[in-house]
Structure formats: structure tokens, C-alpha cells
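Undergrad: This is model-v2.cif (mmCIF, C-alpha atoms and all ligand atoms).
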```cif
data_structure
#
loop_
_atom_site.group_PDB
_atom_site.id
_atom_site.type_symbol
_atom_site.label_atom_id
_atom_site.label_comp_id
_atom_site.auth_asym_id
_atom_site.auth_seq_id
_atom_site.Cartn_x
_atom_site.Cartn_y
_atom_site.Cartn_z
ATOM 1 C CA GLU A 25 -65.877 -32.377 35.445
ATOM 2 C CA ALA A 26 -64.225 -31.527 32.122
ATOM 3 C CA LEU A 27 -63.215 -28.153 33.557
ATOM 4 C CA ASN A 28 -61.616 -29.751 36.567
ATOM 5 C CA PRO A 29 -59.190 -32.456 35.450
ATOM 6 C CA GLN A 30 -58.074 -34.744 38.238
ATOM 7 C CA GLU A 31 -54.969 -36.909 38.255
ATOM 8 C CA TYR A 32 -55.576 -39.921 40.464
ATOM 9 C CA THR A 33 -53.327 -42.763 41.493
ATOM 10 C CA GLY A 34 -55.092 -46.027 40.645
ATOM 11 C CA VAL A 35 -53.989 -48.391 43.412
ATOM 12 C CA LYS A 36 -54.263 -52.109 42.618
ATOM 13 C CA LEU A 37 -55.728 -54.203 45.438
ATOM 14 C CA GLU A 38 -55.393 -57.843 44.406
ATOM 15 C CA VAL A 39 -58.341 -60.053 45.325
ATOM 16 C CA LEU A 40 -57.118 -62.759 47.731
ATOM 17 C CA GLU A 41 -60.459 -64.374 48.540
ATOM 18 C CA TRP A 42 -63.890 -63.599 47.072
ATOM 19 C CA GLY A 43 -66.791 -62.929 49.434
ATOM 20 C CA SER A 44 -69.539 -65.561 49.697
ATOM 21 C CA ASP A 45 -72.070 -63.548 47.641
ATOM 22 C CA VAL A 46 -69.852 -63.313 44.540
ATOM 23 C CA LYS A 47 -67.764 -66.495 44.745
ATOM 24 C CA GLU A 48 -69.991 -68.623 42.498
ATOM 25 C CA LEU A 49 -70.311 -65.977 39.827
ATOM 26 C CA ILE A 50 -66.533 -65.673 39.640
ATOM 27 C CA ALA A 51 -65.991 -69.454 39.656
ATOM 28 C CA SER A 52 -68.448 -69.880 36.774
ATOM 29 C CA THR A 53 -66.799 -67.196 34.634
ATOM 30 C CA LYS A 54 -64.464 -69.181 32.356
ATOM 31 C CA GLU A 55 -62.553 -66.122 31.138
ATOM 32 C CA LEU A 56 -61.370 -65.445 34.704
ATOM 33 C CA GLU A 57 -59.612 -68.795 35.079
ATOM 34 C CA GLY A 58 -55.960 -68.135 35.904
ATOM 35 C CA VAL A 59 -56.509 -64.369 35.792
ATOM 36 C CA LYS A 60 -55.545 -62.114 38.713
ATOM 37 C CA VAL A 61 -58.286 -59.636 39.563
ATOM 38 C CA TYR A 62 -57.407 -56.270 41.102
ATOM 39 C CA MET A 63 -59.851 -53.818 42.607
ATOM 40 C CA VAL A 64 -58.656 -50.384 41.477
ATOM 41 C CA ALA A 65 -59.015 -47.635 44.089
ATOM 42 C CA ALA A 66 -58.653 -44.014 42.927
ATOM 43 C CA THR A 67 -56.807 -41.842 45.419
ATOM 44 C CA LEU A 68 -55.385 -38.326 45.612
ATOM 45 C CA ARG A 69 -53.259 -39.267 48.616
ATOM 46 C CA PRO A 70 -50.903 -42.097 47.680
ATOM 47 C CA GLU A 71 -48.630 -41.241 50.649
ATOM 48 C CA THR A 72 -51.369 -42.445 53.021
ATOM 49 C CA MET A 73 -51.494 -46.004 51.651
ATOM 50 C CA TYR A 74 -49.487 -47.276 54.657
ATOM 51 C CA GLY A 75 -52.623 -46.659 56.729
ATOM 52 C CA GLN A 76 -55.186 -48.616 54.676
ATOM 53 C CA THR A 77 -57.489 -50.634 56.944
ATOM 54 C CA CYS A 78 -60.258 -51.727 54.558
ATOM 55 C CA CYS A 79 -61.647 -50.734 51.168
ATOM 56 C CA PHE A 80 -65.075 -49.364 50.215
ATOM 57 C CA VAL A 81 -67.541 -49.911 47.406
ATOM 58 C CA GLY A 82 -70.982 -48.346 46.961
ATOM 59 C CA PRO A 83 -73.461 -51.172 47.697
ATOM 60 C CA LYS A 84 -75.884 -49.956 45.004
ATOM 61 C CA VAL A 85 -73.253 -48.922 42.479
ATOM 62 C CA ASP A 86 -72.733 -51.070 39.349
ATOM 63 C CA TYR A 87 -69.291 -52.610 38.881
ATOM 64 C CA GLY A 88 -67.630 -54.823 36.327
ATOM 65 C CA ILE A 89 -64.498 -56.885 35.862
ATOM 66 C CA PHE A 90 -62.586 -55.773 32.788
ATOM 67 C CA LYS A 91 -59.886 -57.668 30.958
ATOM 68 C CA VAL A 92 -56.523 -55.863 30.897
ATOM 69 C CA ASN A 93 -54.565 -58.706 29.234
ATOM 70 C CA ASP A 94 -54.407 -62.520 29.518
ATOM 71 C CA LYS A 95 -53.082 -62.351 33.091
ATOM 72 C CA GLU A 96 -54.859 -59.408 34.725
ATOM 73 C CA ALA A 97 -58.321 -57.916 35.078
ATOM 74 C CA TYR A 98 -59.513 -54.761 36.858
ATOM 75 C CA LEU A 99 -62.627 -54.354 38.968
ATOM 76 C CA CYS A 100 -64.154 -50.844 38.816
ATOM 77 C CA THR A 101 -67.183 -48.996 37.441
ATOM 78 C CA PRO A 102 -67.858 -49.352 33.685
ATOM 79 C CA ARG A 103 -67.448 -45.594 33.431
ATOM 80 C CA ALA A 104 -63.891 -45.777 34.818
ATOM 81 C CA ALA A 105 -63.030 -48.767 32.593
ATOM 82 C CA ARG A 106 -64.107 -46.777 29.573
ATOM 83 C CA ASN A 107 -61.877 -43.856 30.614
ATOM 84 C CA MET A 108 -58.961 -46.232 31.214
ATOM 85 C CA ALA A 109 -59.406 -47.760 27.767
ATOM 86 C CA PHE A 110 -58.593 -44.353 26.269
ATOM 87 C CA GLN A 111 -55.522 -43.914 28.497
ATOM 88 C CA ARG A 112 -53.671 -46.982 27.202
ATOM 89 C CA ILE A 113 -54.288 -48.885 30.417
ATOM 90 C CA PHE A 114 -55.854 -51.895 28.665
ATOM 91 C CA GLU A 115 -54.217 -54.059 26.019
ATOM 92 C CA GLU A 116 -56.168 -52.671 23.082
ATOM 93 C CA GLU A 117 -56.786 -48.921 22.942
ATOM 94 C CA GLY A 118 -60.461 -48.010 23.229
ATOM 95 C CA LYS A 119 -61.509 -51.561 24.201
ATOM 96 C CA PHE A 120 -62.512 -52.671 27.697
ATOM 97 C CA PRO A 121 -63.860 -56.232 27.502
ATOM 98 C CA GLN A 122 -66.286 -56.828 30.386
ATOM 99 C CA LEU A 123 -66.030 -60.302 31.936
ATOM 100 C CA ALA A 124 -68.554 -59.937 34.780
ATOM 101 C CA SER A 125 -71.009 -57.405 36.207
ATOM 102 C CA PHE A 126 -72.687 -56.990 39.602
ATOM 103 C CA GLN A 127 -73.650 -54.450 42.246
ATOM 104 C CA GLY A 128 -71.184 -53.469 44.956
ATOM 105 C CA SER A 129 -73.222 -55.198 47.690
ATOM 106 C CA VAL A 130 -72.080 -58.684 46.543
ATOM 107 C CA LEU A 131 -68.427 -57.716 47.073
ATOM 108 C CA ILE A 132 -68.822 -57.096 50.809
ATOM 109 C CA GLY A 133 -66.451 -59.325 52.784
ATOM 110 C CA THR A 134 -64.076 -59.943 49.867
ATOM 111 C CA LEU A 135 -60.446 -59.974 51.062
ATOM 112 C CA VAL A 136 -57.906 -57.905 49.114
ATOM 113 C CA ASN A 137 -54.221 -57.085 49.414
ATOM 114 C CA ALA A 138 -53.721 -53.376 50.185
ATOM 115 C CA PRO A 139 -50.288 -52.302 48.840
ATOM 116 C CA LEU A 140 -47.948 -50.833 51.508
ATOM 117 C CA SER A 141 -50.549 -51.255 54.249
ATOM 118 C CA VAL A 142 -49.453 -52.277 57.730
ATOM 119 C CA HIS A 143 -52.288 -54.849 57.505
ATOM 120 C CA LYS A 144 -50.250 -57.440 55.628
ATOM 121 C CA ASP A 145 -52.822 -60.256 55.682
ATOM 122 C CA GLY A 146 -55.204 -58.219 53.558
ATOM 123 C CA VAL A 147 -58.181 -55.946 54.208
ATOM 124 C CA ARG A 148 -61.950 -56.418 53.728
ATOM 125 C CA ILE A 149 -64.302 -54.817 51.251
ATOM 126 C CA LEU A 150 -66.997 -52.883 53.145
ATOM 127 C CA PRO A 151 -69.972 -50.715 52.113
ATOM 128 C CA MET A 152 -69.828 -46.900 51.909
ATOM 129 C CA GLU A 153 -73.139 -45.334 50.956
ATOM 130 C CA THR A 154 -71.586 -42.034 49.887
ATOM 131 C CA VAL A 155 -69.440 -43.552 47.101
ATOM 132 C CA LEU A 156 -70.261 -41.746 43.857
ATOM 133 C CA ALA A 157 -70.565 -43.785 40.654
ATOM 134 C CA THR A 158 -69.552 -40.657 38.733
ATOM 135 C CA LYS A 159 -66.125 -40.152 40.281
ATOM 136 C CA GLY A 160 -62.865 -42.105 40.219
ATOM 137 C CA THR A 161 -63.243 -45.869 39.918
ATOM 138 C CA GLY A 162 -66.077 -46.276 42.455
ATOM 139 C CA VAL A 163 -63.576 -48.055 44.711
ATOM 140 C CA VAL A 164 -62.303 -46.010 47.685
ATOM 141 C CA THR A 165 -59.527 -47.395 49.810
ATOM 142 C CA CYS A 166 -60.039 -46.585 53.490
ATOM 143 C CA VAL A 167 -57.466 -44.612 55.472
ATOM 144 C CA PRO A 168 -59.311 -43.651 58.679
ATOM 145 C CA SER A 169 -56.336 -41.873 60.268
ATOM 146 C CA ASP A 170 -56.262 -39.196 57.541
ATOM 147 C CA SER A 171 -59.614 -39.202 55.728
ATOM 148 C CA PRO A 172 -62.591 -37.802 57.682
ATOM 149 C CA ASP A 173 -65.055 -39.499 55.276
ATOM 150 C CA ASP A 174 -63.376 -42.859 55.840
ATOM 151 C CA TYR A 175 -63.258 -42.430 59.611
ATOM 152 C CA ALA A 176 -66.937 -41.417 59.800
ATOM 153 C CA THR A 177 -67.896 -44.447 57.695
ATOM 154 C CA ILE A 178 -65.996 -47.061 59.700
ATOM 155 C CA THR A 179 -67.322 -45.605 62.966
ATOM 156 C CA ASP A 180 -70.853 -46.077 61.641
ATOM 157 C CA LEU A 181 -70.125 -49.593 60.324
ATOM 158 C CA ALA A 182 -68.691 -50.679 63.674
ATOM 159 C CA LYS A 183 -71.795 -49.326 65.457
ATOM 160 C CA LYS A 184 -74.331 -51.077 63.205
ATOM 161 C CA PRO A 185 -72.789 -54.238 61.715
ATOM 162 C CA GLU A 186 -76.149 -56.082 61.503
ATOM 163 C CA TYR A 187 -77.757 -53.194 59.631
ATOM 164 C CA TYR A 188 -74.902 -53.159 57.132
ATOM 165 C CA LYS A 189 -74.839 -56.994 56.938
ATOM 166 C CA ILE A 190 -71.158 -57.215 57.804
ATOM 167 C CA GLN A 191 -69.284 -59.260 60.366
ATOM 168 C CA LYS A 192 -68.419 -57.014 63.293
ATOM 169 C CA GLU A 193 -64.735 -57.970 63.210
ATOM 170 C CA TRP A 194 -64.413 -56.757 59.608
ATOM 171 C CA ALA A 195 -64.777 -53.189 60.887
ATOM 172 C CA GLU A 196 -62.473 -53.703 63.863
ATOM 173 C CA PHE A 197 -58.832 -53.097 63.088
ATOM 174 C CA GLU A 198 -55.895 -51.223 64.432
ATOM 175 C CA ILE A 199 -55.517 -47.661 63.155
ATOM 176 C CA VAL A 200 -51.898 -46.545 63.122
ATOM 177 C CA PRO A 201 -50.612 -42.951 62.843
ATOM 178 C CA ILE A 202 -48.999 -42.252 59.484
ATOM 179 C CA ILE A 203 -48.738 -38.462 59.263
ATOM 180 C CA LYS A 204 -48.042 -35.895 61.976
ATOM 181 C CA THR A 205 -49.286 -32.298 61.708
ATOM 182 C CA PRO A 206 -48.813 -29.347 64.089
ATOM 183 C CA SER A 207 -52.538 -28.521 64.311
ATOM 184 C CA TYR A 208 -54.196 -31.959 64.398
ATOM 185 C CA GLY A 209 -51.618 -34.277 65.964
ATOM 186 C CA ASP A 210 -50.767 -37.675 64.512
ATOM 187 C CA MET A 211 -54.276 -38.671 63.377
ATOM 188 C CA SER A 212 -55.959 -35.728 61.701
ATOM 189 C CA ALA A 213 -59.245 -37.424 60.723
ATOM 190 C CA PRO A 214 -60.416 -38.597 64.173
ATOM 191 C CA PHE A 215 -59.205 -35.254 65.588
ATOM 192 C CA LEU A 216 -61.322 -33.208 63.157
ATOM 193 C CA ILE A 217 -64.361 -35.500 63.463
ATOM 194 C CA LYS A 218 -64.348 -34.795 67.189
ATOM 195 C CA GLU A 219 -63.488 -31.103 66.866
ATOM 196 C CA LEU A 220 -66.292 -30.437 64.343
ATOM 197 C CA LYS A 221 -68.703 -32.755 66.234
ATOM 198 C CA ILE A 222 -69.430 -34.905 63.186
ATOM 199 C CA ALA A 223 -71.844 -37.687 64.134
ATOM 200 C CA SER A 224 -72.569 -39.439 60.836
ATOM 201 C CA PRO A 225 -71.144 -40.103 57.347
ATOM 202 C CA LYS A 226 -74.210 -38.203 56.066
ATOM 203 C CA ASP A 227 -73.096 -34.965 57.755
ATOM 204 C CA LYS A 228 -72.089 -33.653 54.334
ATOM 205 C CA ASP A 229 -71.166 -30.003 54.954
ATOM 206 C CA ALA A 230 -69.133 -30.621 58.089
ATOM 207 C CA LEU A 231 -67.334 -33.525 56.388
ATOM 208 C CA ALA A 232 -66.478 -31.335 53.405
ATOM 209 C CA LYS A 233 -64.992 -28.803 55.819
ATOM 210 C CA ALA A 234 -63.046 -31.488 57.713
ATOM 211 C CA LYS A 235 -61.784 -32.949 54.432
ATOM 212 C CA GLU A 236 -60.469 -29.578 53.283
ATOM 213 C CA LEU A 237 -58.774 -28.810 56.600
ATOM 214 C CA ALA A 238 -57.180 -32.278 56.809
ATOM 215 C CA TYR A 239 -56.035 -32.163 53.215
ATOM 216 C CA LYS A 240 -54.367 -28.725 53.471
ATOM 217 C CA GLU A 241 -52.728 -29.328 56.826
ATOM 218 C CA GLY A 242 -51.513 -32.783 55.777
ATOM 219 C CA PHE A 243 -50.079 -31.572 52.493
ATOM 220 C CA TYR A 244 -48.398 -28.352 53.671
ATOM 221 C CA GLN A 245 -47.444 -29.220 57.257
ATOM 222 C CA GLY A 246 -47.463 -33.002 57.416
ATOM 223 C CA ILE A 247 -44.454 -35.183 58.252
ATOM 224 C CA MET A 248 -44.392 -38.917 57.469
ATOM 225 C CA LEU A 249 -44.303 -41.139 60.569
ATOM 226 C CA ILE A 250 -43.988 -44.472 58.771
ATOM 227 C CA GLY A 251 -42.679 -46.277 55.734
ATOM 228 C CA ASN A 252 -39.942 -45.726 53.191
ATOM 229 C CA TYR A 253 -40.001 -41.938 53.582
ATOM 230 C CA LYS A 254 -40.363 -41.685 57.357
ATOM 231 C CA ASP A 255 -39.511 -38.170 58.742
ATOM 232 C CA MET A 256 -39.885 -36.605 55.276
ATOM 233 C CA GLU A 257 -42.343 -33.788 54.528
ATOM 234 C CA VAL A 258 -45.563 -35.081 52.991
ATOM 235 C CA GLN A 259 -45.142 -32.655 50.088
ATOM 236 C CA LYS A 260 -41.874 -34.390 49.156
ATOM 237 C CA ALA A 261 -42.917 -37.938 50.062
ATOM 238 C CA LYS A 262 -46.167 -37.879 48.097
ATOM 239 C CA PRO A 263 -44.668 -38.140 44.573
ATOM 240 C CA LEU A 264 -42.026 -40.582 45.827
ATOM 241 C CA VAL A 265 -44.576 -43.010 47.272
ATOM 242 C CA ARG A 266 -46.545 -42.723 44.066
ATOM 243 C CA GLU A 267 -43.492 -43.506 41.924
ATOM 244 C CA LYS A 268 -42.617 -46.434 44.187
ATOM 245 C CA LEU A 269 -46.114 -47.931 43.806
ATOM 246 C CA ILE A 270 -46.067 -47.422 40.049
ATOM 247 C CA GLY A 271 -42.529 -48.805 39.728
ATOM 248 C CA GLU A 272 -43.542 -51.973 41.556
ATOM 249 C CA GLY A 273 -46.599 -52.476 39.355
ATOM 250 C CA LEU A 274 -48.925 -51.786 42.289
ATOM 251 C CA ALA A 275 -50.496 -48.627 40.842
ATOM 252 C CA PHE A 276 -50.921 -46.565 37.677
ATOM 253 C CA VAL A 277 -51.837 -43.007 36.717
ATOM 254 C CA TYR A 278 -55.555 -42.561 36.074
ATOM 255 C CA ASN A 279 -56.929 -39.247 34.807
ATOM 256 C CA GLU A 280 -60.426 -37.890 34.523
HETATM 257 B B1 LIG B 1 -58.871 -40.185 48.948
HETATM 258 P P1 LIG B 1 -62.029 -35.667 44.630
HETATM 259 CL CL1 LIG B 1 -56.303 -40.398 53.307
HETATM 260 N N1 LIG B 1 -66.849 -41.445 45.777
HETATM 261 O O1 LIG B 1 -57.943 -41.323 49.116
HETATM 262 C C1 LIG B 1 -66.475 -40.862 46.939
HETATM 263 N N2 LIG B 1 -65.180 -40.618 47.285
HETATM 264 C C2 LIG B 1 -64.238 -40.989 46.417
HETATM 265 C C3 LIG B 1 -64.551 -41.605 45.178
HETATM 266 C C4 LIG B 1 -65.926 -41.842 44.877
HETATM 267 N N3 LIG B 1 -66.314 -42.428 43.730
HETATM 268 N N4 LIG B 1 -63.408 -41.882 44.526
HETATM 269 C C5 LIG B 1 -62.402 -41.450 45.312
HETATM 270 N N5 LIG B 1 -62.891 -40.908 46.468
HETATM 271 C C6 LIG B 1 -62.145 -40.339 47.606
HETATM 272 C C7 LIG B 1 -57.405 -41.402 50.465
HETATM 273 C C8 LIG B 1 -57.733 -40.079 51.046
HETATM 274 C C9 LIG B 1 -58.558 -39.354 50.207
HETATM 275 C C10 LIG B 1 -57.289 -39.527 52.243
HETATM 276 C C11 LIG B 1 -57.696 -38.252 52.587
HETATM 277 C C12 LIG B 1 -58.547 -37.535 51.760
HETATM 278 C C13 LIG B 1 -58.997 -38.100 50.553
HETATM 279 C C14 LIG B 1 -58.006 -42.552 51.212
HETATM 280 N N6 LIG B 1 -59.412 -42.638 51.108
HETATM 281 O O2 LIG B 1 -59.827 -37.455 49.709
HETATM 282 O O3 LIG B 1 -63.464 -35.322 44.790
HETATM 283 C C15 LIG B 1 -60.705 -40.798 47.659
HETATM 284 O O4 LIG B 1 -60.222 -40.716 48.976
HETATM 285 C C16 LIG B 1 -60.152 -36.108 49.976
HETATM 286 C C17 LIG B 1 -59.562 -35.196 48.937
HETATM 287 O O5 LIG B 1 -61.707 -36.257 43.290
HETATM 288 C C18 LIG B 1 -59.917 -39.754 46.874
HETATM 289 O O6 LIG B 1 -58.700 -39.563 47.629
HETATM 290 O O7 LIG B 1 -61.179 -34.534 45.040
HETATM 291 C C19 LIG B 1 -60.792 -38.536 46.920
HETATM 292 O O8 LIG B 1 -62.095 -38.944 47.416
HETATM 293 C C20 LIG B 1 -60.994 -37.903 45.561
HETATM 294 O O9 LIG B 1 -61.832 -36.813 45.741
#
```
Any chance you could give the structure as C-alpha cells?
TA:
Amino acid sequence: EALNPQEYTGVKLEVLEWGSDVKELIASTKELEGVKVYMVAATLRPETMYGQTCCFVGPKVDYGIFKVNDKEAYLCTPRAARNMAFQRIFEEEGKFPQLASFQGSVLIGTLVNAPLSVHKDGVRILPMETVLATKGTGVVTCVPSDSPDDYATITDLAKKPEYYKIQKEWAEFEIVPIIKTPSYGDMSAPFLIKELKIASPKDKDALAKAKELAYKEGFYQGIMLIGNYKDMEVQKAKPLVREKLIGEGLAFVYNE
């Protein structure tokens, strides 16, 4: 990891309504009174945020809520909070006061605001079993049009809602095209999932291949179909969307 530094965009998804399995814990945590809590999703593709449909946590991954200042707190893995504390993201350098802790499973069904998303009423927190506790913030925002991993996961969730203990309608949403590419059309993830015959989110090697193909084609050949930089090349729009999010206080730079 140390040899491969990664600059993420930490996108802030404000909690609008806590899910039933975590509500009481939050309500009984005095230090969270009057504090806005944001789930922080680490992404390498800020230009795709228009297409967010839900947001994933690892059901067995440990998370915490960490105090940023008197008004805000971030929800992420303790590992990410520690990294953030040394990047001047929290009030006091090196400190990351933990206000609550729980496993990802209790967050399922929580409603959050996804910045820039076409889904303006908020999106749901859903489980993704392949979320790594050792990467990013442990929170992965879902863009099924452009991320093969995300598309494979929501397809599976929609097929087996009882197994995943989710309400079926949480995994049913409109997917809108956000980037057009010459090779994969206007939704590269579903295209590649079909093309490479990927049947499950556990189909690791094929998903890695799909991810690489989608990433390269999107970055070098992609054209924005939506948002503030519609018709612009993805390569040019990417830093602009990132700066817009950061400028509006909806995201920050997170390195690891
Ligand atoms: B990306 P890299 Cl549209 N576990 O964001 C599993 N996956 C994680 C993660 C974790 N702990 N933390 C971040 N990620 C995902 C958008 C996206 C992403 C699109 C297309 C491709 C893509 C929407 N999801 O990633 O291993 C996040 O998903 C493929 C490159 O650090 C993050 O960006 O290179 C990406 O993986 C970071 O992966």
C-alpha cells in the first residue's frame, strides 16, 4: 500500500434518516445531539457521482462515528479516521475522537443524501460483501452504470432481498446514463457484465478485468452525458467535478 499512494475523493453523504437497527444507539449518544453525521465514501471517479443510486458498507466491517468539530462527524472505518487525523481533516491534528462504534450490518436501510445524484430524495445504505476494511473509508458509493462491481452487487441484492435482509424496493431504482463511450455505449458496467458473462459479485477475476476495461475506456474515451459538464470529455470533467464538490463542502481530498 505504501508503494502505491492513492488520492481519493472523500464524498460526504449526509445521514437523513437512521435505519431501524442503529436509531436507538444514535439517539442515546449525547455527543451526537445537534451534530450532522456524514458517511464518507472514497472514490476514484468523482465525475460519476451524478449516477449514485445507493451506497454500500461491508456488513461485517467495523465502523465508527468520529468527531470532526462541534457541528460535524464522519462515519467510516477507524483505520480511515486515523489516516484523516494526520491529513488535517479533523479539528485537532492526530486526534479522531470516536463517538460510536458498530458493524456495517446495523446501517442497512439508513437514508443518506448523495451529492449531485439524480436521486434527490436520498439513497439507501445496502450491504456489499466485497468491501475491504483495509481500503478507502469502507464506504463505497454505488454507481451501477459505470462500476461493474456496483452493478454486479445490486443485481444480486435485487435477486435475493430476503437473504440480504433488505426491503426489495431499496434495490430498485432508476439507473441513468452518465458517460458515453465508443466501445461500451452509454452504460459501460452493465454492458461489460453481459459481455464477460459475469454472474455474481464473487466472480473476482472477471470483475477485475471489467473494472479495468471500464475505467480505461471511461477515462480516455468517455463523454459526459449529464450535469454541469455535459458534453465534455471525462478527462477534463473529472477534476472539475471534484473541485465543484470540494468547493461546495460536499467532499475533501483523502490520501492513503
Ligand atoms: B469507485 P482502488 Cl463509477 N472496498 O467509485 C472495495 N471497493 C472500494 C473500497 C473498499 N474498501 N473503497 C473504495 N472502493 C471502490 C465509483 C467507481 C469506482 C466507479 C467505477 C470504478 C470504481 C463508484 N463506486 O473503482 O482499489 C470505489 O469505487 C474502480 C477503480 O483504490 C473506488 O472508486 O483502485 C475504487 O473502488 C477504489 O479502488
Undergrad: Carefully work through the PyMOL selection byres (((chain A and resi 175) around 12) and not hetatm) for this structure and note down the residues it includes, as an MDAnalysis selection string.
TA: chainID A and resid 75:80 152 165:174 176:182 195 199 211:218 222:225 231 234:235
Undergrad: Got a sec: who's within 12 Å of A:Glu257, counting only C-alpha atoms, leaving out chain neighbours fewer than 5 positions off, as a ChimeraX atom specification?
TA: /A:71,202-205,241-250,262-265
Undergrad: Pick out the closest residue to ligand LIG 1 (chain B) from this set: A:Val200, A:Val59, A:Ile113, A:Leu156. Count all atoms listed in the file.
TA: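 When distances to ligand LIG 1 (chain B) are compared using all atoms listed in the file, the smallest one comes from A:Leu156.
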Undergrad: Can you give me, as a PyMOL selection string, the residues this file yields under the PyMOL selection byres (((chain A and resi 50-57) around 12) and not hetatm)?
TA: chain A and resi 39+41-49+58-62+88-99+121-126+130-131+134
Undergrad: Using only C-alpha atoms, please write the residues we just selected to a file, as a short mmCIF file (atom, residue, chain, number, x, y, z; two decimals), in the frame of the given file.
TA:
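again05.cif was written with the following content:
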```cif
data_model
loop_
_atom_site.label_atom_id
_atom_site.label_comp_id
_atom_site.auth_asym_id
_atom_site.auth_seq_id
_atom_site.Cartn_x
_atom_site.Cartn_y
_atom_site.Cartn_z
CA VAL A 39 -58.34 -60.05 45.32
CA GLU A 41 -60.46 -64.37 48.54
CA TRP A 42 -63.89 -63.60 47.07
CA GLY A 43 -66.79 -62.93 49.43
CA SER A 44 -69.54 -65.56 49.70
CA ASP A 45 -72.07 -63.55 47.64
CA VAL A 46 -69.85 -63.31 44.54
CA LYS A 47 -67.76 -66.50 44.74
CA GLU A 48 -69.99 -68.62 42.50
CA LEU A 49 -70.31 -65.98 39.83
CA GLY A 58 -55.96 -68.14 35.90
CA VAL A 59 -56.51 -64.37 35.79
CA LYS A 60 -55.54 -62.11 38.71
CA VAL A 61 -58.29 -59.64 39.56
CA TYR A 62 -57.41 -56.27 41.10
CA GLY A 88 -67.63 -54.82 36.33
CA ILE A 89 -64.50 -56.88 35.86
CA PHE A 90 -62.59 -55.77 32.79
CA LYS A 91 -59.89 -57.67 30.96
CA VAL A 92 -56.52 -55.86 30.90
CA ASN A 93 -54.56 -58.71 29.23
CA ASP A 94 -54.41 -62.52 29.52
CA LYS A 95 -53.08 -62.35 33.09
CA GLU A 96 -54.86 -59.41 34.72
CA ALA A 97 -58.32 -57.92 35.08
CA TYR A 98 -59.51 -54.76 36.86
CA LEU A 99 -62.63 -54.35 38.97
CA PRO A 121 -63.86 -56.23 27.50
CA GLN A 122 -66.29 -56.83 30.39
CA LEU A 123 -66.03 -60.30 31.94
CA ALA A 124 -68.55 -59.94 34.78
CA SER A 125 -71.01 -57.40 36.21
CA PHE A 126 -72.69 -56.99 39.60
CA VAL A 130 -72.08 -58.68 46.54
CA LEU A 131 -68.43 -57.72 47.07
CA THR A 134 -64.08 -59.94 49.87
#
```
Undergrad: What does the structure give for the distance between atom CA of A:Gly160 and atom CA of A:Asp227, in Å to one decimal?
TA: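 Computing it gives 21.5 Å between the two atoms.
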Undergrad: May I have the protein, DNA and RNA residues with any atom at most 8 Å from the point (-57.4, -59.4, 51.5), counting all atoms listed in the file, written as a PyMOL selection string?
TA: chain A and resi 38-41+134-138+145-148
